[in-house]
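This is my_file_12.txt (compact mmCIF, C-alpha atoms).
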```
# COMPACT_ATOMS: atom_id res chain seq x y z
CA MET A 148 0.00 0.00 0.00
CA PRO A 149 1.40 3.43 -0.88
CA ILE A 150 2.58 5.62 2.00
CA VAL A 151 1.49 9.25 1.77
CA ASP A 152 3.26 12.16 3.42
CA HIS A 153 0.83 15.06 3.15
CA ALA A 154 3.34 17.54 4.57
CA THR A 155 5.81 17.00 1.73
CA ARG A 156 3.16 15.94 -0.82
CA LEU A 157 5.04 12.73 -1.48
CA ILE A 158 3.66 9.26 -2.18
CA THR A 159 6.08 6.37 -1.66
CA CYS A 160 5.41 3.15 -3.57
CA LYS A 161 7.22 -0.15 -3.17
CA LEU A 162 8.34 -1.99 -6.32
CA VAL A 163 9.70 -5.52 -5.89
CA TYR A 164 11.88 -7.47 -8.32
CA TYR A 165 10.94 -11.13 -7.94
CA GLY A 166 12.17 -14.29 -9.63
CA PRO A 167 14.32 -17.39 -9.24
CA GLY A 168 17.83 -17.21 -7.84
CA ARG A 169 20.46 -15.73 -10.17
CA SER A 170 17.89 -14.64 -12.75
CA GLY A 171 19.19 -11.06 -12.79
CA LYS A 172 17.17 -9.22 -10.16
CA THR A 173 20.23 -7.81 -8.43
CA THR A 174 21.82 -6.97 -11.78
CA ASN A 175 18.73 -4.94 -12.71
CA LEU A 176 18.90 -2.84 -9.56
CA MET A 177 22.63 -2.33 -9.75
CA TYR A 178 22.40 -1.21 -13.37
CA LEU A 179 19.53 1.18 -12.61
CA HIS A 180 21.27 2.67 -9.60
CA ASP A 181 24.46 3.29 -11.56
CA ALA A 182 22.69 4.67 -14.64
CA LEU A 183 20.08 6.95 -13.06
CA PRO A 184 20.94 10.59 -12.27
CA SER A 185 22.43 10.76 -8.78
CA GLU A 186 19.96 13.44 -7.68
CA GLN A 187 17.07 11.04 -8.33
CA VAL A 188 18.29 8.02 -6.37
CA GLY A 189 19.14 7.23 -2.78
CA SER A 190 21.92 5.01 -1.50
CA LEU A 191 22.00 1.40 -2.64
CA THR A 192 21.63 -0.81 0.43
CA SER A 193 22.54 -4.49 0.46
CA LEU A 194 21.44 -7.05 3.03
CA ALA A 195 23.64 -10.07 2.44
CA THR A 196 22.42 -13.60 3.03
CA ARG A 197 24.55 -16.71 2.78
CA ARG A 198 24.13 -17.15 -0.98
CA ASP A 199 22.09 -14.21 -2.18
CA ARG A 200 21.39 -10.52 -1.53
CA THR A 201 18.43 -8.24 -0.94
CA LEU A 202 19.03 -4.81 -2.44
CA PHE A 203 16.96 -1.66 -2.21
CA PHE A 204 17.13 2.05 -2.99
CA ASP A 205 14.82 5.03 -3.39
CA TYR A 206 14.08 6.51 -6.79
CA LEU A 207 12.21 9.74 -7.47
CA PRO A 208 11.45 9.80 -11.20
CA VAL A 209 10.90 13.15 -12.88
CA ASP A 210 9.45 11.87 -16.16
CA LEU A 211 6.35 9.99 -14.99
CA GLY A 212 4.37 13.02 -13.86
CA THR A 213 2.49 13.43 -10.59
CA VAL A 214 -0.69 12.16 -8.95
CA GLY A 215 -2.74 15.24 -8.28
CA ALA A 216 -0.42 17.59 -6.45
CA TYR A 217 1.73 14.74 -5.18
CA HIS A 218 5.09 13.51 -6.42
CA VAL A 219 5.63 9.76 -6.42
CA ARG A 220 8.80 8.13 -5.12
CA PHE A 221 9.56 4.48 -5.78
CA GLN A 222 11.41 2.17 -3.42
CA LEU A 223 12.96 -0.62 -5.46
CA TYR A 224 13.65 -3.96 -3.78
CA THR A 225 14.96 -7.36 -4.81
CA VAL A 226 14.13 -10.62 -3.08
CA PRO A 227 16.55 -13.54 -2.58
CA GLY A 228 15.51 -16.21 -5.04
CA GLN A 229 16.92 -19.30 -3.36
CA PRO A 230 14.13 -21.62 -2.12
CA TYR A 231 15.22 -21.57 1.52
CA TYR A 232 14.72 -17.78 1.77
CA LYS A 233 10.94 -18.05 1.58
CA ALA A 234 10.40 -16.12 4.82
CA ILE A 235 12.54 -13.22 3.58
CA ARG A 236 10.68 -13.15 0.25
CA GLN A 237 7.38 -13.00 2.08
CA LEU A 238 8.61 -10.13 4.21
CA VAL A 239 9.99 -8.09 1.31
CA LEU A 240 6.88 -8.71 -0.79
CA GLN A 241 4.58 -7.42 1.93
CA GLY A 242 3.06 -4.09 0.96
CA ALA A 243 4.32 -4.21 -2.64
CA ASP A 244 2.59 -1.78 -5.01
CA GLY A 245 4.04 -3.38 -8.13
CA ILE A 246 6.21 -6.33 -9.15
CA VAL A 247 8.76 -7.06 -11.84
CA PHE A 248 9.03 -10.80 -12.33
CA VAL A 249 12.52 -11.47 -13.70
CA ALA A 250 12.63 -14.81 -15.51
CA ASP A 251 15.87 -16.53 -16.48
CA SER A 252 15.59 -17.26 -20.20
CA GLN A 253 17.91 -20.27 -20.09
CA ARG A 254 16.09 -23.47 -20.94
CA SER A 255 17.81 -25.14 -17.98
CA ARG A 256 15.90 -22.73 -15.68
CA TRP A 257 12.45 -23.38 -17.14
CA ASP A 258 11.08 -25.20 -14.09
CA ASP A 259 12.70 -22.68 -11.73
CA ASN A 260 10.82 -19.84 -13.43
CA ILE A 261 7.48 -21.57 -13.14
CA GLU A 262 8.06 -22.54 -9.50
CA SER A 263 9.13 -19.00 -8.62
CA LEU A 264 6.07 -17.49 -10.30
CA GLN A 265 3.83 -19.89 -8.39
CA ASP A 266 5.69 -19.01 -5.19
CA MET A 267 5.09 -15.31 -5.85
CA HIS A 268 1.36 -15.83 -6.27
CA ALA A 269 1.20 -17.98 -3.14
CA ASN A 270 3.05 -15.36 -1.09
CA LEU A 271 0.77 -12.60 -2.36
CA ALA A 272 -2.26 -14.70 -1.43
CA GLU A 273 -0.86 -15.16 2.10
CA HIS A 274 -0.78 -11.36 2.37
CA GLY A 275 -4.38 -11.21 1.17
CA VAL A 276 -3.40 -9.67 -2.18
CA ASP A 277 -5.13 -10.62 -5.43
CA ALA A 278 -2.31 -10.73 -8.01
CA ARG A 279 -4.81 -9.89 -10.74
CA ALA A 280 -5.31 -6.45 -9.20
CA LEU A 281 -1.61 -5.69 -8.73
CA PRO A 282 0.56 -4.01 -11.41
CA ILE A 283 2.99 -6.67 -12.67
CA VAL A 284 5.38 -6.77 -15.62
CA LEU A 285 7.54 -9.62 -16.86
CA GLN A 286 11.17 -9.45 -17.90
CA TYR A 287 12.85 -12.29 -19.80
CA ASN A 288 16.49 -11.79 -18.89
CA LYS A 289 19.62 -13.26 -20.48
CA GLN A 290 18.22 -13.10 -24.00
CA ASP A 291 21.77 -12.19 -25.08
CA LEU A 292 22.93 -15.78 -24.57
CA PRO A 293 23.23 -18.13 -27.58
CA ALA A 294 19.86 -19.09 -29.05
CA SER A 295 20.57 -22.77 -28.40
CA LEU A 296 20.61 -22.08 -24.65
CA VAL A 297 17.59 -19.82 -24.21
CA ALA A 298 13.86 -20.08 -24.73
CA SER A 299 12.35 -17.52 -27.08
CA VAL A 300 10.22 -14.65 -25.86
CA ASP A 301 7.18 -16.34 -27.41
CA GLU A 302 7.88 -19.58 -25.52
CA LEU A 303 8.40 -17.78 -22.23
CA SER A 304 5.32 -15.66 -22.76
CA ALA A 305 3.16 -18.74 -23.38
CA ALA A 306 4.43 -20.36 -20.18
CA LEU A 307 4.48 -17.36 -17.83
CA ASN A 308 2.39 -14.48 -19.12
CA PHE A 309 -1.10 -15.90 -18.69
CA ARG A 310 -2.36 -12.44 -17.63
CA GLY A 311 -1.15 -10.71 -20.76
CA VAL A 312 0.86 -8.09 -18.83
CA PRO A 313 3.69 -6.04 -20.39
CA GLU A 314 6.75 -8.17 -21.11
CA PHE A 315 10.30 -7.33 -22.10
CA ALA A 316 13.31 -9.18 -23.45
CA ALA A 317 16.40 -8.12 -21.55
CA ASP A 318 20.12 -8.32 -21.04
CA ALA A 319 20.43 -6.77 -17.59
CA THR A 320 24.23 -6.77 -17.63
CA GLN A 321 24.22 -4.37 -20.59
CA GLY A 322 20.97 -2.62 -19.63
CA THR A 323 18.90 -3.81 -22.57
CA GLY A 324 15.24 -3.76 -21.54
CA VAL A 325 16.02 -2.65 -17.98
CA PHE A 326 14.66 0.89 -18.22
CA ASP A 327 11.73 -0.23 -20.36
CA THR A 328 10.76 -2.72 -17.67
CA LEU A 329 10.91 -0.16 -14.86
CA ARG A 330 9.12 2.52 -16.86
CA ALA A 331 6.28 0.14 -17.75
CA LEU A 332 5.76 -0.86 -14.13
CA GLY A 333 6.07 2.72 -12.87
CA THR A 334 3.49 3.89 -15.39
CA ARG A 335 1.05 1.14 -14.36
CA VAL A 336 1.51 1.97 -10.68
CA MET A 337 0.96 5.68 -11.36
CA LYS A 338 -2.16 4.90 -13.37
CA ARG A 339 -3.51 2.78 -10.53
CA LEU A 340 -2.85 5.56 -8.03
CA GLY A 341 -4.58 8.10 -10.24
CA ALA A 342 -7.60 5.83 -10.64
CA GLU A 343 -8.11 5.46 -6.90
CA GLU A 344 -10.85 7.63 -5.52
CA GLY A 345 -9.38 10.77 -4.05
CA GLY A 346 -5.88 9.95 -5.37
CA ALA A 347 -3.43 10.36 -2.50
CA GLY A 348 -6.20 10.74 0.00
CA SER A 349 -7.21 7.12 -0.41
CA SER A 350 -3.79 5.78 0.62
CA ARG A 351 -2.30 5.26 4.05
CA ALA A 352 -0.82 8.42 5.54
CA ALA A 353 2.69 8.41 6.95
```

Please re-express this file's structure in structure tokens.
Amino acid sequence: MPIVDHATRLITCKLVYYGPGRSGKTTNLMYLHDALPSEQVGSLTSLATRRDRTLFFDYLPVDLGTVGAYHVRFQLYTVPGQPYYKAIRQLVLQGADGIVFVADSQRSRWDDNIESLQDMHANLAEHGVDARALPIVLQYNKQDLPASLVASVDELSAALNFRGVPEFAADATQGTGVFDTLRALGTRVMKRLGAEEGGAGSSRAA
């Protein structure tokens, strides 16, 4: 749920990058943090686990407009993808206003993608969230690898994108598709905020 600070006229929304371990969630955030203008982003914070990391930083975009008289700030988070970090994923996912599901395009990770997507829906349901009402976009990362190793966008879409949400081919190490993915999710979150009755007034105040 968005957090509204009426004194500063700022709405803070939480965007979570979800997906199987090593799919490129951390790479997405690191690329974004390095490439975005320094005046628009906060410090990149890393919470290290034994085999994975949870990253987050604040981002105040200037090109997505406002909601009424309110600016919108995004907090971008990753979740650790390894199966034994389920409790951490549930915690990070709580209160998410939008999700990027980062799939690993390698054919060897096909089952991991499906299991992670199912895990995401199950965790949302435990928080009482209907995934159909939440802004979600899909990113098919590692499309730069040899064609013999990766599933095509059409194949991945047929397996994962049963809701028909925006989807993007990506190479997060080089930044291909990274900004398009974030912009699509940010736009959907902004649209949802604008559609809520009373705009900022309908969200939880800080």

Review point. Residues at most 12 Å from Ala331 in chain A, counting only C-alpha atoms, excluding those fewer than 3 positions away in the same chain, as a PyMOL selection string?
Key: chain A and resi 162+211+245-247+282-286+312-315+324-328+334-338

Practice item. Can you work out the spacing between CA of Leu303 in chain A and CA of Thr201 in chain A in Å, to one decimal? Key: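 Value for the CA of Leu303 in chain A-CA of Thr201 in chain A distance: 25.4 Å.
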
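Of the listed residues A:Phe203, A:Asp181, A:Arg220, A:Arg279, the one whose atoms come nearest to Gly311 in chain A is A:Arg279, with distances taken using all atoms listed in the file.
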
Review point. Out of A:Gln253, A:Thr192, A:Gln229, A:Thr320, which residue has the shortest atom-to-atom distance to Ser299 in chain A when counting all atoms listed in the file?
Key: A:Gln253

Point to revise | Minimum-distance residue to Val151 in chain A, chosen among A:Ala305, A:Val214, A:Leu176, A:Leu332 (using only C-alpha atoms) | key: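 The closest residue to Val151 in chain A is A:Val214.
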
**Study point:** Test item: which residues lie within 12 Å of (7.1, -3.2, 2.1) counting all atoms listed in the file, as an NGL selection string
**Key:** :A and (148-150 or 159-163 or 203 or 221-226 or 235-246 or 274)

Review point. Which of these residues is nearest to Ala182 in chain A, using all atoms listed in the file: A:Pro230, A:Tyr206, A:Arg169, A:Glu343?
Key: A:Tyr206

What's the 10 Å shell around Pro208 in chain A, counting all atoms listed in the file, without same-chain residues fewer than 2 positions away, as a PDB file with C-alpha atoms, in the coordinates of the input?
```pdb
ATOM      1  CA  LEU A 183      20.080   6.950 -13.060  1.00  0.00           C
ATOM      2  CA  PRO A 184      20.940  10.590 -12.270  1.00  0.00           C
ATOM      3  CA  GLU A 186      19.960  13.440  -7.680  1.00  0.00           C
ATOM      4  CA  GLN A 187      17.070  11.040  -8.330  1.00  0.00           C
ATOM      5  CA  VAL A 188      18.290   8.020  -6.370  1.00  0.00           C
ATOM      6  CA  ASP A 205      14.820   5.030  -3.390  1.00  0.00           C
ATOM      7  CA  TYR A 206      14.080   6.510  -6.790  1.00  0.00           C
ATOM      8  CA  ASP A 210       9.450  11.870 -16.160  1.00  0.00           C
ATOM      9  CA  LEU A 211       6.350   9.990 -14.990  1.00  0.00           C
ATOM     10  CA  GLY A 212       4.370  13.020 -13.860  1.00  0.00           C
ATOM     11  CA  THR A 213       2.490  13.430 -10.590  1.00  0.00           C
ATOM     12  CA  HIS A 218       5.090  13.510  -6.420  1.00  0.00           C
ATOM     13  CA  VAL A 219       5.630   9.760  -6.420  1.00  0.00           C
ATOM     14  CA  ARG A 220       8.800   8.130  -5.120  1.00  0.00           C
ATOM     15  CA  PHE A 221       9.560   4.480  -5.780  1.00  0.00           C
ATOM     16  CA  ARG A 330       9.120   2.520 -16.860  1.00  0.00           C
ATOM     17  CA  GLY A 333       6.070   2.720 -12.870  1.00  0.00           C
TER      18      GLY A 333
END
```

Point to revise | Interatomic distance, CA of Ser170 in chain A to CA of Ala294 in chain A (Å, one decimal) | key: 17.0 Å

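Comparing the minimum interatomic distances between Gln321 in chain A and each of A:Val249, A:Met177, A:Ala154, A:Ala280, counting all atoms listed in the file, we find that A:Met177 sits nearest.
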
Practice item. Place a sphere of radius 12 Å on (0.3, -20.4, -17.0) in the file coordinates and name every protein, DNA or RNA residue with an atom inside or on its surface, counting all atoms listed in the file; give the answer as a ChimeraX atom specification. Key: /A:260-262,264-265,268,302-311

What are the centre and edge lengths in Å, to one decimal, of the axis-aligned box around all listed atoms of range 244-252 of chain A with 5 Å added on each side, as lines of an AutoDock Vina configuration file?
```
center_x = 9.2
center_y = -9.5
center_z = -12.6
size_x = 23.3
size_y = 25.5
size_z = 25.2
```

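With distances restricted to only C-alpha atoms, A:Tyr232 is the closest residue to Ser263 in chain A from A:Phe204, A:Tyr217, A:Tyr178, A:Tyr232.
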
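Between CA of Thr155 in chain A and CA of Ala216 in chain A the separation is 10.3 Å.
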